[in-house]
Amino acid sequence: MDFHRYQQAAIKTLQPPAPGTDPVAIPLLGLAGETGSLATVYKKRLRDGPGYEQGKQQLREELGDLLWYIAALAHRLDLSLEDVAAASLEKAKDRWRPTPDDERVRFDDGYPEHEQLPRKTTLTFTPTSTQDGRTVIVLTREDGTPAGDPLTNASRVDDDYRFHDAFHLAHAAVLGWSPVTRFLLGRKRKSRPDVDEAEDGGRAIAIEEGISALVFSYAARHGYFQDVRHIDHELLTTISHMTAHLEVSIHRAADWERAILTGYTAWSQLRAQGGGTVELDLDRQTLTVLDT
C-alpha cells in the first residue's frame with residue numbers, strides 16, 4: 001500500500017471535530033497519546049523480556065495507531081502524507097549520507113591551474129614567539145613561503161584557536177570549498193571577476209571565518225569533539241543557512257559533518273604536539289598531520 005492510498009483510506013474514518021474545536025487538536029493530541037502508549041508497551045517488553053508474548057503484536061498495533069494519527073494530522077494540515085514521507089527521506093539522506101564520489105563537483109574545474117586548489121600539498125604550522133612574549137602560529141606553504149599572517153588566539157583565553165586554519169584546510173579537503181584557503185594559497189579565481197567577488201571575496205571569507213568561530217564555540221562545550229561521532233543537526237542547519245547563496249550549498253549536512261570532524265582531528269593533533277605539517281589531499285578528502 002502506498003502512502004497516498006493509505007491516507008485516503010485513513011481519513012474516511014476521521015471523525016468531524018466538535019463545534020468550536022480546532023480540527024487539528026484531536027489528531028495532534030492523539031499522536032502524543034499514542035506515542036506514550038508505544039513507550040509503555042516497549043517498557044513492558046524491557047521489563048518482562050523478549051518472552052513477553054503480546055509485545056510484538058502490541059507494538060505493531062501502537063505503530064499502526066501512530067501512522068493513522070500522522071495521516072489524519074497531515075490531512076488536517078493540508079499536507080500529503082506521500083510528500084511528507086518523500087521529504088523525510090531526502091532530509092535523512094542529506095543528514096546521514098555523504099555525497100558519493102561520482103556526484104562530487106569540483107568548483108574550480110575549467111579555471112587556470114594557478115587558480116585551482118591544489119589536489120595535494122603540505123602546509124606547516126610553526127609556533128613562533130614575538131617580542132612582546134606572545135606565541136603566534138606561522139603557516140607556510142610547501143615551498144616555504146608564508147600563507148597569510150601569523151595568528152594568535154585573538155582572545156584572553158589560551159584556547160589554541162591560533163591553529164584554526166586547520167578547519168579551513170579541512171573544508172578545502174572534504175568539501176572542495178574554502179575561500180580562506182584560496183586566499184592563503186593565492187588561488188582566488190580572478191579570471192572570473194564575478195566568481196572572485198561572490199565566491200572568493202571578502203563576504204565569503206567572512207562567512208567561512210564565522211562558521212569556524214561558531215563551530216569552535218560549540219566544540220568547546222563538547223570536548224572539542226574528542227570521542228564524538230556526530231554533530232547536532234541544528235548546528236549543521238545553521239551552517240546551511242549561512243552558506244545558502246554560495247556554491248558550497250550543494251553539499252549535504254553529512255559532508256559538513258565530515259569536514260568539521262576532519263578539521264578537529266587535525267587541530268587536536270597540532271595542538272597536542274605544538275605545531276606540525278599537514279598534508280591536504282582533495283582527491284582522498286583527507287587532512288593528515290604528518291609524523292614529526
# chains A, B, ... in the order shown; residues from 1 in each chain; ligands from 1
>>> residues_around(residues="Ile11 of chain A", least_positions_apart="6", cutoff="9 Å", atoms="only C-alpha atoms", output="ChimeraX atom specification")
/A:68,71-72,75
>>> write_last_selection(atoms="C-alpha atoms", output="PDB file, in the first residue's frame")
ATOM      1  CA  TRP A  68      -3.224   6.694  11.416  1.00  0.00           C
ATOM      2  CA  ALA A  71      -2.127  10.588   8.229  1.00  0.00           C
ATOM      3  CA  ALA A  72      -5.053  12.369   9.861  1.00  0.00           C
ATOM      4  CA  HIS A  75      -4.798  15.841   6.202  1.00  0.00           C
TER       5      HIS A  75
END
>>> select_by_dssp(residues="segment 115-275 of chain A", states="strand (DSSP E)", output="ChimeraX atom specification")
/A:120-129,135-140
>>> write_last_selection(atoms="N, CA and C atoms", output="CSV table (one decimal), in the first residue's frame")
chain,number,residue,atom,x,y,z
A,120,LYS,N,46.9,18.1,-4.1
A,120,LYS,CA,47.7,17.6,-2.9
A,120,LYS,C,48.8,18.5,-2.6
A,121,THR,N,48.9,18.9,-1.4
A,121,THR,CA,50.0,19.7,-0.9
A,121,THR,C,50.2,19.6,0.6
A,122,THR,N,51.3,20.2,1.1
A,122,THR,CA,51.5,20.2,2.5
A,122,THR,C,51.7,21.6,3.0
A,123,LEU,N,51.3,21.9,4.2
A,123,LEU,CA,51.5,23.2,4.9
A,123,LEU,C,52.0,22.9,6.3
A,124,THR,N,52.7,23.9,6.8
A,124,THR,CA,53.4,23.7,8.1
A,124,THR,C,52.9,24.8,9.1
A,125,PHE,N,52.5,24.4,10.3
A,125,PHE,CA,52.2,25.2,11.4
A,125,PHE,C,53.3,25.3,12.3
A,126,THR,N,53.9,26.5,12.4
A,126,THR,CA,55.1,26.7,13.2
A,126,THR,C,54.9,27.7,14.3
A,127,PRO,N,55.0,27.3,15.6
A,127,PRO,CA,54.8,28.3,16.7
A,127,PRO,C,56.0,29.2,16.8
A,128,THR,N,55.8,30.5,17.0
A,128,THR,CA,56.9,31.4,17.0
A,128,THR,C,56.6,32.5,18.1
A,129,SER,N,57.6,32.8,18.9
A,129,SER,CA,57.5,33.8,19.9
A,129,SER,C,57.7,35.2,19.4
A,135,THR,N,52.8,33.9,21.7
A,135,THR,CA,53.1,32.8,20.8
A,135,THR,C,52.1,32.9,19.6
A,136,VAL,N,52.7,33.0,18.4
A,136,VAL,CA,51.9,33.0,17.2
A,136,VAL,C,52.2,31.8,16.4
A,137,ILE,N,51.2,31.5,15.5
A,137,ILE,CA,51.4,30.4,14.6
A,137,ILE,C,51.7,30.9,13.2
A,138,VAL,N,52.8,30.6,12.6
A,138,VAL,CA,53.1,30.9,11.2
A,138,VAL,C,52.8,29.8,10.3
A,139,LEU,N,51.9,30.0,9.4
A,139,LEU,CA,51.6,28.9,8.4
A,139,LEU,C,52.4,29.1,7.1
A,140,THR,N,53.1,28.1,6.7
A,140,THR,CA,53.9,28.2,5.5
A,140,THR,C,53.5,27.1,4.5
>>> closest_residue(among="A:Trp177, A:Phe216, A:Tyr111, A:Tyr6", to="Arg162 of chain A", atoms="only C-alpha atoms")
A:Phe216
>>> closest_atom_pairs(of="segment 157-183 of chain A", to="segment 146-151 of chain A", cutoff="9 Å", atoms="only C-alpha atoms", output="JSON lines")
{"residue": "A:Tyr161", "atom": "CA", "partner": "A:Leu151", "partner_atom": "CA", "distance": 8.5}
{"residue": "A:Arg162", "atom": "CA", "partner": "A:Leu151", "partner_atom": "CA", "distance": 5.2}
{"residue": "A:Phe163", "atom": "CA", "partner": "A:Leu151", "partner_atom": "CA", "distance": 7.7}
{"residue": "A:His164", "atom": "CA", "partner": "A:Leu151", "partner_atom": "CA", "distance": 8.9}
{"residue": "A:Thr181", "atom": "CA", "partner": "A:Ala147", "partner_atom": "CA", "distance": 8.9}
{"residue": "A:Phe183", "atom": "CA", "partner": "A:Gly148", "partner_atom": "CA", "distance": 7.8}
>>> residues_around(residues="Glu62 of chain A", least_positions_apart="3", cutoff="6 Å", atoms="only C-alpha atoms", output="list in words")
Leu38, Leu59 and Asp65 of chain A
>>> closest_residue(among="A:Arg252, A:Arg47, A:Arg104, A:Lys12", to="Leu236 of chain A", atoms="only C-alpha atoms")
A:Arg252
>>> residues_around(residues="Val24 of chain A", least_positions_apart="6", cutoff="10 Å", atoms="only C-alpha atoms", output="list in words")
Pro17, Ala72, Leu73, Ala74, His75, Arg76 and Leu77 of chain A
>>> closest_residue(among="A:Pro112, A:Tyr224, A:His230, A:Leu290", to="Thr265 of chain A", atoms="only C-alpha atoms")
A:Tyr224
>>> closest_residue(among="A:Gly176, A:Gly20, A:Gly276, A:Gly49", to="Gln116 of chain A", atoms="only C-alpha atoms")
A:Gly176
>>> residues_around(residues="Ile231 of chain A", least_positions_apart="2", cutoff="10 Å", atoms="only C-alpha atoms", output="VMD selection string")
chain A and resid 215 218 to 219 222 225 228 to 229 233 to 236 253 to 254 256 to 258 260 to 261
>>> closest_residue(among="A:Gln7, A:Gln58, A:Gln131, A:Thr35", to="Leu81 of chain A", atoms="only C-alpha atoms")
A:Gln7
>>> residues_around(residues="segment 113-115 of chain A", least_positions_apart="5", cutoff="12 Å", atoms="only C-alpha atoms", output="list in words")
Phe107, Asp108, Pro179, Thr181, Arg182, Phe183, Leu185, Gly186, Arg187, Lys188, Arg189, Lys190, Ser191, Arg192, Val195, Asp196 and Asp200 of chain A
>>> closest_residue(among="A:Ala86, A:Leu246, A:Leu117, A:Leu282", to="Val174 of chain A", atoms="only C-alpha atoms")
A:Leu282
>>> atom_distance(atom1="atom CA of Ser178 of chain A", atom2="atom CA of Asp101 of chain A")
18.7 Å
>>> decode(residues="segment 122-153 of chain A", atoms="N, CA, C and O atoms", output="short mmCIF file (atom, residue, chain, number, x, y, z; two decimals), in the first residue's frame")
data_model
loop_
_atom_site.label_atom_id
_atom_site.label_comp_id
_atom_site.auth_asym_id
_atom_site.auth_seq_id
_atom_site.Cartn_x
_atom_site.Cartn_y
_atom_site.Cartn_z
N THR A 122 51.29 20.19 1.07
CA THR A 122 51.54 20.21 2.51
C THR A 122 51.67 21.65 2.99
O THR A 122 52.09 22.54 2.23
N LEU A 123 51.31 21.87 4.23
CA LEU A 123 51.46 23.17 4.88
C LEU A 123 51.96 22.92 6.30
O LEU A 123 51.63 21.90 6.92
N THR A 124 52.74 23.85 6.81
CA THR A 124 53.36 23.67 8.12
C THR A 124 52.92 24.77 9.08
O THR A 124 52.93 25.96 8.74
N PHE A 125 52.52 24.35 10.28
CA PHE A 125 52.15 25.25 11.38
C PHE A 125 53.35 25.34 12.32
O PHE A 125 53.71 24.35 12.96
N THR A 126 53.93 26.53 12.41
CA THR A 126 55.13 26.70 13.24
C THR A 126 54.87 27.72 14.34
O THR A 126 54.58 28.89 14.06
N PRO A 127 54.97 27.31 15.62
CA PRO A 127 54.81 28.29 16.71
C PRO A 127 56.05 29.18 16.80
O PRO A 127 57.19 28.70 16.72
N THR A 128 55.82 30.48 16.96
CA THR A 128 56.90 31.45 16.99
C THR A 128 56.62 32.46 18.09
O THR A 128 55.48 32.92 18.24
N SER A 129 57.65 32.82 18.85
CA SER A 129 57.49 33.81 19.92
C SER A 129 57.74 35.21 19.37
O SER A 129 58.66 35.43 18.58
N THR A 130 56.87 36.15 19.78
CA THR A 130 57.03 37.54 19.36
C THR A 130 57.82 38.31 20.43
O THR A 130 58.05 37.81 21.53
N GLN A 131 58.19 39.52 20.09
CA GLN A 131 58.97 40.34 21.04
C GLN A 131 58.21 40.66 22.31
O GLN A 131 58.82 40.85 23.36
N ASP A 132 56.89 40.70 22.22
CA ASP A 132 56.11 41.01 23.42
C ASP A 132 55.72 39.76 24.21
O ASP A 132 54.89 39.80 25.11
N GLY A 133 56.31 38.61 23.85
CA GLY A 133 56.11 37.39 24.63
C GLY A 133 54.94 36.54 24.20
O GLY A 133 54.67 35.51 24.82
N ARG A 134 54.23 36.92 23.16
CA ARG A 134 53.11 36.12 22.69
C ARG A 134 53.60 35.00 21.78
O ARG A 134 54.67 35.09 21.19
N THR A 135 52.80 33.93 21.70
CA THR A 135 53.09 32.84 20.77
C THR A 135 52.13 32.94 19.60
O THR A 135 50.92 32.98 19.79
N VAL A 136 52.69 32.99 18.41
CA VAL A 136 51.87 33.05 17.21
C VAL A 136 52.16 31.81 16.37
O VAL A 136 53.18 31.14 16.54
N ILE A 137 51.23 31.48 15.50
CA ILE A 137 51.41 30.38 14.56
C ILE A 137 51.66 30.95 13.17
O ILE A 137 50.86 31.73 12.66
N VAL A 138 52.79 30.56 12.61
CA VAL A 138 53.12 30.95 11.24
C VAL A 138 52.82 29.76 10.33
O VAL A 138 53.35 28.66 10.53
N LEU A 139 51.94 29.98 9.35
CA LEU A 139 51.58 28.93 8.40
C LEU A 139 52.39 29.13 7.12
O LEU A 139 52.38 30.23 6.55
N THR A 140 53.08 28.11 6.69
CA THR A 140 53.89 28.20 5.47
C THR A 140 53.48 27.15 4.47
O THR A 140 53.06 26.04 4.82
N ARG A 141 53.61 27.50 3.20
CA ARG A 141 53.28 26.60 2.11
C ARG A 141 54.39 25.58 1.90
O ARG A 141 55.43 25.62 2.55
N GLU A 142 54.15 24.71 0.93
CA GLU A 142 55.09 23.64 0.61
C GLU A 142 56.46 24.20 0.23
O GLU A 142 57.50 23.60 0.52
N ASP A 143 56.47 25.38 -0.44
CA ASP A 143 57.73 25.97 -0.87
C ASP A 143 58.36 26.85 0.19
O ASP A 143 59.38 27.52 -0.05
N GLY A 144 57.78 26.89 1.38
CA GLY A 144 58.34 27.65 2.49
C GLY A 144 57.87 29.09 2.59
O GLY A 144 58.23 29.80 3.53
N THR A 145 57.06 29.55 1.65
CA THR A 145 56.55 30.92 1.70
C THR A 145 55.38 31.02 2.66
O THR A 145 54.62 30.06 2.83
N PRO A 146 55.22 32.18 3.31
CA PRO A 146 54.12 32.33 4.28
C PRO A 146 52.75 32.22 3.61
O PRO A 146 52.57 32.64 2.47
N ALA A 147 51.80 31.67 4.33
CA ALA A 147 50.42 31.61 3.88
C ALA A 147 49.59 32.42 4.87
O ALA A 147 49.20 31.93 5.93
N GLY A 148 49.37 33.68 4.55
CA GLY A 148 48.62 34.54 5.45
C GLY A 148 49.51 35.11 6.54
O GLY A 148 50.72 34.90 6.57
N ASP A 149 48.87 35.83 7.46
CA ASP A 149 49.58 36.47 8.56
C ASP A 149 49.72 35.52 9.74
O ASP A 149 48.92 34.58 9.90
N PRO A 150 50.72 35.76 10.61
CA PRO A 150 50.82 34.97 11.84
C PRO A 150 49.55 35.11 12.66
O PRO A 150 48.95 36.19 12.73
N LEU A 151 49.13 34.03 13.29
CA LEU A 151 47.87 34.02 14.03
C LEU A 151 48.09 33.86 15.53
O LEU A 151 48.87 33.01 15.97
N THR A 152 47.37 34.68 16.30
CA THR A 152 47.28 34.49 17.75
C THR A 152 45.93 33.86 18.06
O THR A 152 45.14 33.59 17.16
N ASN A 153 45.66 33.68 19.34
CA ASN A 153 44.33 33.19 19.72
C ASN A 153 43.27 34.27 19.56
O ASN A 153 42.06 33.97 19.56
#
